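**Student:** The structure's right below; bear with me while I get my questions together.
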Amino acid sequence: MEESITCEVCHGPGLTQAVVRDVCKGCHGQPLGETEPEPSAIMQSTPLEFERSVAKRDGQTCPDCHMPKQGGMSFHGSKSSRVAPESYKGVVRVENIERRSSQIVVTVKNNVTGHWLPTGAATNVIFLEVVGYDAKGQVAYQNEHRFEKSVFSFRKMPMAVTGDTRLKDNEKREVTFDVPMSVVRISATLTIKPRLLSGEAVEFVIDHRDTAIGLAG
């Protein structure tokens, strides 16, 4: 353990904005150069996302959500998707589904104000899975949209970020799907499919909405 990082730094009154930047970033971010890039430009960007977030502007710190007080002491109580994927429950919501001519628009909202979602490792992906049903209840359409940070890997080693479709803090986004005219009902499901520390691959439903949309006019 570094001499400057004592128990009190993370668990006691020494938890300040400076500690959030210097200590939390040590595990949850990556070293930056003299200038701070966009979060989409680096592999693990959670601290940088926070520095530019709604929560930061409102005077909050990472520990306000991730290190709640218990018995007068702070502890790291927020679990990651690789340990407890249920921690994502409700933080991203399917807010609305509507038909616009031959298209279906699904509105998704990131309710977290401190960082983008998913955050952390680039392997974290949130899936928006859309299924359309016809008047007979038969599946007439299936598709998905991925909220993720895409990376280029060489010999299984991540080398560079090639794209970023994640939800920014407090962002509401419309995702559009071209569906057959025969679709009268849409089922939209948000899931996260992390590979747990045990190596087990799981699927956890974050949110779900089922909406009748009627035949296209």
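Here's how to read the names in the structure tokens: chain A, B, ... by the order shown, residue numbers from 1 in each chain, ligand numbers from 1 in the order shown.
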Got a sec: who's within 12 Å of range 179-188 of chain A, counting only C-alpha atoms, leaving out chain neighbours fewer than 6 positions off, as a ChimeraX atom specification?
**Tutor:** /A:93-108,127-145,205-217
**Student:** Leaving out Thr119 in chain A and any residue of its chain fewer than 4 positions from it, which residues lie within 12 Å of it when counting only C-alpha atoms, given as a VMD selection string?
**Tutor:** chain A and resid 28 to 29 39 to 40 42 to 50 80 to 82 88 110 112 114 to 115 123 to 126 147 to 149 164 to 169 192
**Student:** Which residue gives the smallest distance to Asn170 in chain A among A:Arg146, A:Lys56, A:Lys109, A:Lys193, with only C-alpha atoms counted?
**Tutor:**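 Counting only C-alpha atoms, the residue closest to Asn170 in chain A is A:Lys109.
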**Student:** CA of Ala122 in chain A to CA of Val161 in chain A: how many Å, to one decimal?
**Tutor:**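 Here the two named atoms are 8.7 Å from each other.
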